[in-house]
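What follows is a single structure, written as structure tokens, with notes after it.
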Amino acid sequence: MYHLDICHLYPDQLHSYGDDGNLTILKKRMEWRGHTLTIHPISLGEPLDPSLYDLIFIGSGENHKMLQIISDFNQKKAASIHEVMHQDKVILAICNGFYLLGNSYQTARMENIELSHLLDFTIRNDHKRSSGDIIIRDHDRLLLTGFENHHSVVQLGPDLLPFAHTLHGIGNNGTDQTEGVRYRNTFGTHLHGPLLADNPAFADKLLTLALQNKYGQIHLSLLDDSLENEARQCVLKRYQINDCT
Amino acid sequence: MKKGATTYPGRIMVKLCPDAFTYLTRHISLILVTGTNGKTSTCRLLEHILRTQGVRCISNRSGANLRFGVATTLLTHCNIFGRYKQQYAVLECDEGDFAKIADQFTCPNVTLVVTNLSHDQLDRYGDLQQVKNYILCGIECLPQAVLCLNADCPETASLAPLVSNKVVSYGIRTDVDNDDLLSDLLQPSCILSLESQGALTLQTPDVAIPCPHKITNPPVYSLYNSLAVATVLHQLGHSQWIPSCFSTEFYNPGRFEVIRVDDTSYTLILVKNPAGFRQALQCLPADPTDIDFVFAINDRISDGQDVSWLWDCDFSVLNHVDEHTTLFFTGRRYSHMAVRLKYAGLDPERFVLEPDIPTLFTRLQRPNRHIYLFATYSSMLEIRSHLETLTPLKKFWDQ
């Protein structure tokens, strides 16, 4: 039996758009296989001990709530996140949660706010809302579907890889077909939905990475994902994108 | 919505004559209702009570609550001189369009109700603060309006210190106090007391009004709608009609509307956000037998295109329904809802996925079953139009 400990960062501030569903999904997919997973909420002001967690989850939240936590993140959490990141532990960060890892964030009033500089990317305000279904393909050629809802433009630094490439939707900036960021086992993305609901293969990829990091070689049994796959197919069909391409 | 809500005349009016709202509303008292939940029910109840008392009023429909829809409503009810026979206009206003709607009015007789502000259709309007800003901008255009604010909703209550308008606030207090649920920002001036025996009393600044009611366990959200209407009536000097806010049982399509087809009964429940879904689930019978559920989830603009909100609802109550209950899924996002309930702990063996509505109904129709049907807005329209082929129904947009 395997066990994972997940740190849920800022559950009181970053909990919009059903993103917490990602945690339910990871937990259930462990339990259905006879394994266990514990979720540890860590909030404003609380220290983050990097040795305690196998996976860190940062959800999305409203812009003004994100602005409330930036200084806490930079001062109290960023050093620990840096350590976790370089121990190849898994980090999943969605939308505003993903932005916390970058260099700077531009508000709706065009003020630039300094971020943690954990990863080399910047966020500009676009004023235009990117909202709608998004379909992407990651480096393992997994097709993922979700919903994006942001008015920011993300520009990745020259050495940073995107999480995936967009087949439909806007993604990071609507021009270079990049979506999100991937660095070691850190994944930042705009995909709500929540992300893992439509994409069970990606959920299992995260679990596998976290478990391998902890136990070495592991084996995850297969689950019946027919409902989840039907949900993803339903979005793919709408945009005439074939899962086999 | 093509059949139901036309906004074309209003579009033309606003284009040809930008001051049209001001002109049209010189001689009529406006009651504007905005907020994220309960707008339609609040408007329908208010309208029903006014009409029952012989007071003439005009009103719009939930499908016509954007700027041009409101304009169309005002335009189609006046005579050729821009005069009205009616005393009041009860207008439901979309919260995201409220700033634009309010910008049109300069008339002095405005009562504005803000029912509540919770996460609702965030993909349309960005975040809740954005929606609050739209409402604040709207209020700025209406300096003489009297605001009726829900004091128990923290976001709504927080509007009070930001405006210079006269504010009449309302809230519910029980003899078993649960302070956690209440916001301390705004002390309500109209207080509905819920006693443990079920008696209701409305305490206004001047008088306590006993409010007899027939429903044994009224859902809290419907009490808030009634209370909002009572507060408006108090504000308008019609306190004598307040008891009828709580005793009226009136037809409200899609809001726990019960429709019988042969031996099967259908309860139609409109859902559009986590707060509403949660409240609807709380109103299920305590010991349900012979019931089935239908979840009809669409993702058109009127439903909210992002269905992520389904993951912000707590469905654990469904784990208590008996094992003979079947869960049916339909609508454009039928499979997303099924996935959601799978992860809520329900056994997919009990799921029936049927995107096609006519086929769904052939499978639902079983003698002596009670079907609870939760549907998003456009899905509700599709389902009602199918039910119309089985039994005579009132038109959704007539109500």
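By convention in this document, the chains of the structure tokens carry letters A, B, ... by their order, each chain's residues are numbered from 1, and ligands are numbered from 1 in the order they are shown.
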Residues of chain A within 9 Å of chain B, using only C-alpha atoms, as a ChimeraX atom specification?
/A:15-21,24-25,28,61-64,129,131-133,147-151,192-194,197-198,227-232,234-235
If you keep C-alpha atoms, can you produce a file of those selected residues as a PDB file, in the first residue's frame?
ATOM      1  CA  HIS A  15     -10.650  27.897  -4.151  1.00  0.00           C
ATOM      2  CA  SER A  16     -12.569  29.160  -7.184  1.00  0.00           C
ATOM      3  CA  TYR A  17     -13.733  27.384 -10.332  1.00  0.00           C
ATOM      4  CA  GLY A  18     -13.967  23.926  -8.791  1.00  0.00           C
ATOM      5  CA  ASP A  19     -10.180  23.561  -8.655  1.00  0.00           C
ATOM      6  CA  ASP A  20     -10.360  21.835  -5.269  1.00  0.00           C
ATOM      7  CA  GLY A  21     -12.005  19.000  -7.205  1.00  0.00           C
ATOM      8  CA  THR A  24     -10.842  14.920  -4.489  1.00  0.00           C
ATOM      9  CA  ILE A  25      -9.879  13.217  -7.754  1.00  0.00           C
ATOM     10  CA  LYS A  28     -10.267   8.924  -4.825  1.00  0.00           C
ATOM     11  CA  GLY A  61      -8.824  32.242  -6.907  1.00  0.00           C
ATOM     12  CA  GLU A  62     -10.184  35.663  -7.564  1.00  0.00           C
ATOM     13  CA  ASN A  63      -7.600  38.302  -8.469  1.00  0.00           C
ATOM     14  CA  HIS A  64      -8.035  40.375  -5.325  1.00  0.00           C
ATOM     15  CA  ARG A 129     -10.909  37.907 -21.079  1.00  0.00           C
ATOM     16  CA  SER A 131     -12.776  32.345 -21.603  1.00  0.00           C
ATOM     17  CA  GLY A 132     -13.850  29.069 -23.162  1.00  0.00           C
ATOM     18  CA  ASP A 133     -12.986  25.437 -23.770  1.00  0.00           C
ATOM     19  CA  PHE A 147     -11.865  25.445 -19.458  1.00  0.00           C
ATOM     20  CA  GLU A 148      -9.761  28.592 -19.377  1.00  0.00           C
ATOM     21  CA  ASN A 149     -10.876  31.875 -17.853  1.00  0.00           C
ATOM     22  CA  HIS A 150      -8.214  34.558 -17.442  1.00  0.00           C
ATOM     23  CA  HIS A 151      -7.260  37.944 -18.786  1.00  0.00           C
ATOM     24  CA  HIS A 192     -10.019  24.603 -14.885  1.00  0.00           C
ATOM     25  CA  GLY A 193     -12.715  22.056 -15.280  1.00  0.00           C
ATOM     26  CA  PRO A 194     -11.342  20.930 -12.890  1.00  0.00           C
ATOM     27  CA  ALA A 197     -11.804  15.475 -14.009  1.00  0.00           C
ATOM     28  CA  ASP A 198     -11.621  15.169 -17.790  1.00  0.00           C
ATOM     29  CA  LEU A 227     -17.050   8.122 -17.861  1.00  0.00           C
ATOM     30  CA  GLU A 228     -14.076  10.484 -17.682  1.00  0.00           C
ATOM     31  CA  ASN A 229     -13.045   9.572 -21.224  1.00  0.00           C
ATOM     32  CA  GLU A 230     -16.581  10.161 -22.467  1.00  0.00           C
ATOM     33  CA  ALA A 231     -16.516  13.624 -20.877  1.00  0.00           C
ATOM     34  CA  ARG A 232     -13.231  14.445 -22.619  1.00  0.00           C
ATOM     35  CA  CYS A 234     -17.549  15.174 -25.673  1.00  0.00           C
ATOM     36  CA  VAL A 235     -15.340  18.305 -25.725  1.00  0.00           C
TER      37      VAL A 235
END
Would you return as a ChimeraX atom specification the members of segment 65-304 of chain B that DSSP assigns to alpha helix (DSSP H) on this structure's backbone?
/B:67-77,98-102,122-125,128-140,154-157,220-235,242-247,274-282
So that I can see what lies close to Arg366 of chain B, please list as number ranges by chain the residues with an atom at most 10 Å from it, counting only C-alpha atoms and leaving out residues fewer than 6 positions away in the same chain.
B: 261-265
Spatial neighbours of Val153 of chain A, 9 Å, only C-alpha atoms, chain gap at least 2 places, as a list of chain:residue names:
A:Thr122, A:Ile123, A:Arg124, A:Asn125, A:Asp126, A:His150, A:His151, A:Gln155, A:Gly171, A:Asn172, A:Asn173, A:Gly174
Export, as a PDB file, in the first residue's frame, the selected residues with N, CA and C atoms.
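Everything below was put into selection05.pdb:
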ATOM      1  N   THR A 122       6.670  35.897 -17.052  1.00  0.00           N
ATOM      2  CA  THR A 122       6.001  37.111 -16.577  1.00  0.00           C
ATOM      3  C   THR A 122       4.538  37.104 -17.018  1.00  0.00           C
ATOM      4  N   ILE A 123       3.724  37.832 -16.264  1.00  0.00           N
ATOM      5  CA  ILE A 123       2.289  37.866 -16.537  1.00  0.00           C
ATOM      6  C   ILE A 123       1.882  39.315 -16.792  1.00  0.00           C
ATOM      7  N   ARG A 124       1.378  39.561 -17.969  1.00  0.00           N
ATOM      8  CA  ARG A 124       0.855  40.878 -18.314  1.00  0.00           C
ATOM      9  C   ARG A 124      -0.667  40.839 -18.290  1.00  0.00           C
ATOM     10  N   ASN A 125      -1.264  42.016 -18.089  1.00  0.00           N
ATOM     11  CA  ASN A 125      -2.723  42.075 -18.121  1.00  0.00           C
ATOM     12  C   ASN A 125      -3.177  42.398 -19.530  1.00  0.00           C
ATOM     13  N   ASP A 126      -4.128  41.643 -20.012  1.00  0.00           N
ATOM     14  CA  ASP A 126      -4.565  41.798 -21.390  1.00  0.00           C
ATOM     15  C   ASP A 126      -5.879  42.568 -21.513  1.00  0.00           C
ATOM     16  N   HIS A 150      -9.236  33.656 -17.989  1.00  0.00           N
ATOM     17  CA  HIS A 150      -8.214  34.558 -17.442  1.00  0.00           C
ATOM     18  C   HIS A 150      -8.100  35.763 -18.357  1.00  0.00           C
ATOM     19  N   HIS A 151      -7.544  36.864 -17.840  1.00  0.00           N
ATOM     20  CA  HIS A 151      -7.260  37.944 -18.786  1.00  0.00           C
ATOM     21  C   HIS A 151      -5.789  38.336 -18.691  1.00  0.00           C
ATOM     22  N   GLN A 155       4.230  35.167 -20.679  1.00  0.00           N
ATOM     23  CA  GLN A 155       5.378  35.056 -21.581  1.00  0.00           C
ATOM     24  C   GLN A 155       6.467  34.251 -20.875  1.00  0.00           C
ATOM     25  N   GLY A 171      -4.652  29.741 -24.200  1.00  0.00           N
ATOM     26  CA  GLY A 171      -3.440  29.314 -23.500  1.00  0.00           C
ATOM     27  C   GLY A 171      -2.660  30.497 -22.969  1.00  0.00           C
ATOM     28  N   ASN A 172      -1.317  30.416 -23.009  1.00  0.00           N
ATOM     29  CA  ASN A 172      -0.487  31.452 -22.395  1.00  0.00           C
ATOM     30  C   ASN A 172      -0.699  32.839 -22.996  1.00  0.00           C
ATOM     31  N   ASN A 173      -0.745  32.914 -24.319  1.00  0.00           N
ATOM     32  CA  ASN A 173      -0.809  34.248 -24.915  1.00  0.00           C
ATOM     33  C   ASN A 173      -1.567  34.305 -26.241  1.00  0.00           C
ATOM     34  N   GLY A 174      -2.014  33.176 -26.733  1.00  0.00           N
ATOM     35  CA  GLY A 174      -2.791  33.193 -27.973  1.00  0.00           C
ATOM     36  C   GLY A 174      -1.947  33.356 -29.220  1.00  0.00           C
TER      37      GLY A 174
END
For Met380 of chain B, which residue among B:Arg173, B:Lys272, B:Arg51, B:Arg278 is the nearest when counting only C-alpha atoms?
B:Lys272
Contacts of segment 181-184 of chain A at 7 Å (only C-alpha atoms; same-chain gap of 4+ positions) as a PyMOL selection string
chain A and resi 88+161-163+188-189
Give me the residues near segment 108-114 of chain B as a ChimeraX atom specification, where near means some atom within 6 Å (using only C-alpha atoms) and where sequence neighbours in that chain fewer than 3 positions away do not count.
/B:29-35,144-149
Written selection (N, CA and C atoms) as a PDB file, in the first residue's frame:
ATOM      1  N   SER B  29     -43.069  54.253 -10.695  1.00  0.00           N
ATOM      2  CA  SER B  29     -42.084  53.893  -9.661  1.00  0.00           C
ATOM      3  C   SER B  29     -41.366  52.627 -10.077  1.00  0.00           C
ATOM      4  N   LEU B  30     -40.057  52.686 -10.017  1.00  0.00           N
ATOM      5  CA  LEU B  30     -39.281  51.531 -10.445  1.00  0.00           C
ATOM      6  C   LEU B  30     -38.851  50.700  -9.246  1.00  0.00           C
ATOM      7  N   ILE B  31     -39.014  49.404  -9.375  1.00  0.00           N
ATOM      8  CA  ILE B  31     -38.440  48.490  -8.386  1.00  0.00           C
ATOM      9  C   ILE B  31     -37.475  47.600  -9.152  1.00  0.00           C
ATOM     10  N   LEU B  32     -36.193  47.822  -8.932  1.00  0.00           N
ATOM     11  CA  LEU B  32     -35.180  47.050  -9.644  1.00  0.00           C
ATOM     12  C   LEU B  32     -34.674  45.948  -8.724  1.00  0.00           C
ATOM     13  N   VAL B  33     -34.527  44.747  -9.275  1.00  0.00           N
ATOM     14  CA  VAL B  33     -34.037  43.628  -8.467  1.00  0.00           C
ATOM     15  C   VAL B  33     -32.803  43.055  -9.147  1.00  0.00           C
ATOM     16  N   THR B  34     -31.680  43.064  -8.430  1.00  0.00           N
ATOM     17  CA  THR B  34     -30.469  42.460  -8.982  1.00  0.00           C
ATOM     18  C   THR B  34     -29.808  41.600  -7.914  1.00  0.00           C
ATOM     19  N   GLY B  35     -28.693  40.956  -8.266  1.00  0.00           N
ATOM     20  CA  GLY B  35     -28.041  40.016  -7.360  1.00  0.00           C
ATOM     21  C   GLY B  35     -27.769  38.732  -8.116  1.00  0.00           C
ATOM     22  N   GLN B 144     -30.616  58.766  -5.656  1.00  0.00           N
ATOM     23  CA  GLN B 144     -31.844  58.924  -4.871  1.00  0.00           C
ATOM     24  C   GLN B 144     -32.531  57.600  -4.585  1.00  0.00           C
ATOM     25  N   ALA B 145     -32.005  56.529  -5.154  1.00  0.00           N
ATOM     26  CA  ALA B 145     -32.656  55.226  -4.973  1.00  0.00           C
ATOM     27  C   ALA B 145     -32.551  54.770  -3.528  1.00  0.00           C
ATOM     28  N   VAL B 146     -33.599  54.082  -3.056  1.00  0.00           N
ATOM     29  CA  VAL B 146     -33.537  53.440  -1.740  1.00  0.00           C
ATOM     30  C   VAL B 146     -33.064  52.007  -1.964  1.00  0.00           C
ATOM     31  N   LEU B 147     -32.042  51.604  -1.217  1.00  0.00           N
ATOM     32  CA  LEU B 147     -31.492  50.265  -1.406  1.00  0.00           C
ATOM     33  C   LEU B 147     -32.054  49.303  -0.372  1.00  0.00           C
ATOM     34  N   CYS B 148     -32.545  48.159  -0.834  1.00  0.00           N
ATOM     35  CA  CYS B 148     -32.942  47.081   0.078  1.00  0.00           C
ATOM     36  C   CYS B 148     -31.869  46.008  -0.033  1.00  0.00           C
ATOM     37  N   LEU B 149     -31.071  45.853   1.008  1.00  0.00           N
ATOM     38  CA  LEU B 149     -29.919  44.952   0.939  1.00  0.00           C
ATOM     39  C   LEU B 149     -30.085  43.771   1.888  1.00  0.00           C
TER      40      LEU B 149
END
Would you mind listing what lies within 12 Å of Gly45 of chain A as number ranges by chain, with only C-alpha atoms counted and same-chain residues fewer than 4 positions away left out?
A: 9-10, 68-77
Just N, CA and C atoms for this one: save the residues we selected as a short mmCIF file (atom, residue, chain, number, x, y, z; two decimals), in the first residue's frame.
data_model
loop_
_atom_site.label_atom_id
_atom_site.label_comp_id
_atom_site.auth_asym_id
_atom_site.auth_seq_id
_atom_site.Cartn_x
_atom_site.Cartn_y
_atom_site.Cartn_z
N LEU A 9 -2.26 24.41 -0.70
CA LEU A 9 -1.81 25.75 -0.32
C LEU A 9 -2.95 26.77 -0.46
N TYR A 10 -3.10 27.59 0.55
CA TYR A 10 -4.11 28.67 0.58
C TYR A 10 -5.54 28.21 0.25
N GLN A 68 -3.81 39.38 -2.10
CA GLN A 68 -3.66 39.33 -0.64
C GLN A 68 -2.56 38.37 -0.19
N ILE A 69 -2.27 37.35 -1.01
CA ILE A 69 -1.35 36.32 -0.53
C ILE A 69 0.04 36.44 -1.12
N ILE A 70 0.24 37.34 -2.09
CA ILE A 70 1.54 37.37 -2.78
C ILE A 70 2.70 37.57 -1.79
N SER A 71 2.56 38.52 -0.87
CA SER A 71 3.71 38.76 0.01
C SER A 71 3.95 37.59 0.95
N ASP A 72 2.87 36.95 1.40
CA ASP A 72 3.03 35.76 2.24
C ASP A 72 3.73 34.66 1.48
N PHE A 73 3.34 34.50 0.20
CA PHE A 73 3.96 33.45 -0.61
C PHE A 73 5.44 33.74 -0.81
N ASN A 74 5.75 34.97 -1.19
CA ASN A 74 7.15 35.32 -1.46
C ASN A 74 8.02 35.15 -0.21
N GLN A 75 7.49 35.59 0.94
CA GLN A 75 8.31 35.58 2.16
C GLN A 75 8.30 34.25 2.89
N LYS A 76 7.15 33.59 2.95
CA LYS A 76 7.03 32.43 3.82
C LYS A 76 7.00 31.09 3.11
N LYS A 77 6.71 31.08 1.81
CA LYS A 77 6.52 29.78 1.15
C LYS A 77 7.53 29.53 0.03
#
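Of the listed residues B:Thr52, B:Ser118, B:Asn319, B:Thr362, the one whose atoms come nearest to Asn150 of chain B is B:Ser118, with distances taken using only C-alpha atoms.
Interatomic distance, atom CA of Phe21 of chain B to atom CA of Thr73 of chain B: 10.8 Å.
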Would you work out the distance separating atom CA of Leu118 of chain A from atom CA of Pro200 of chain A, expressed in Å to one decimal?
27.9 Å
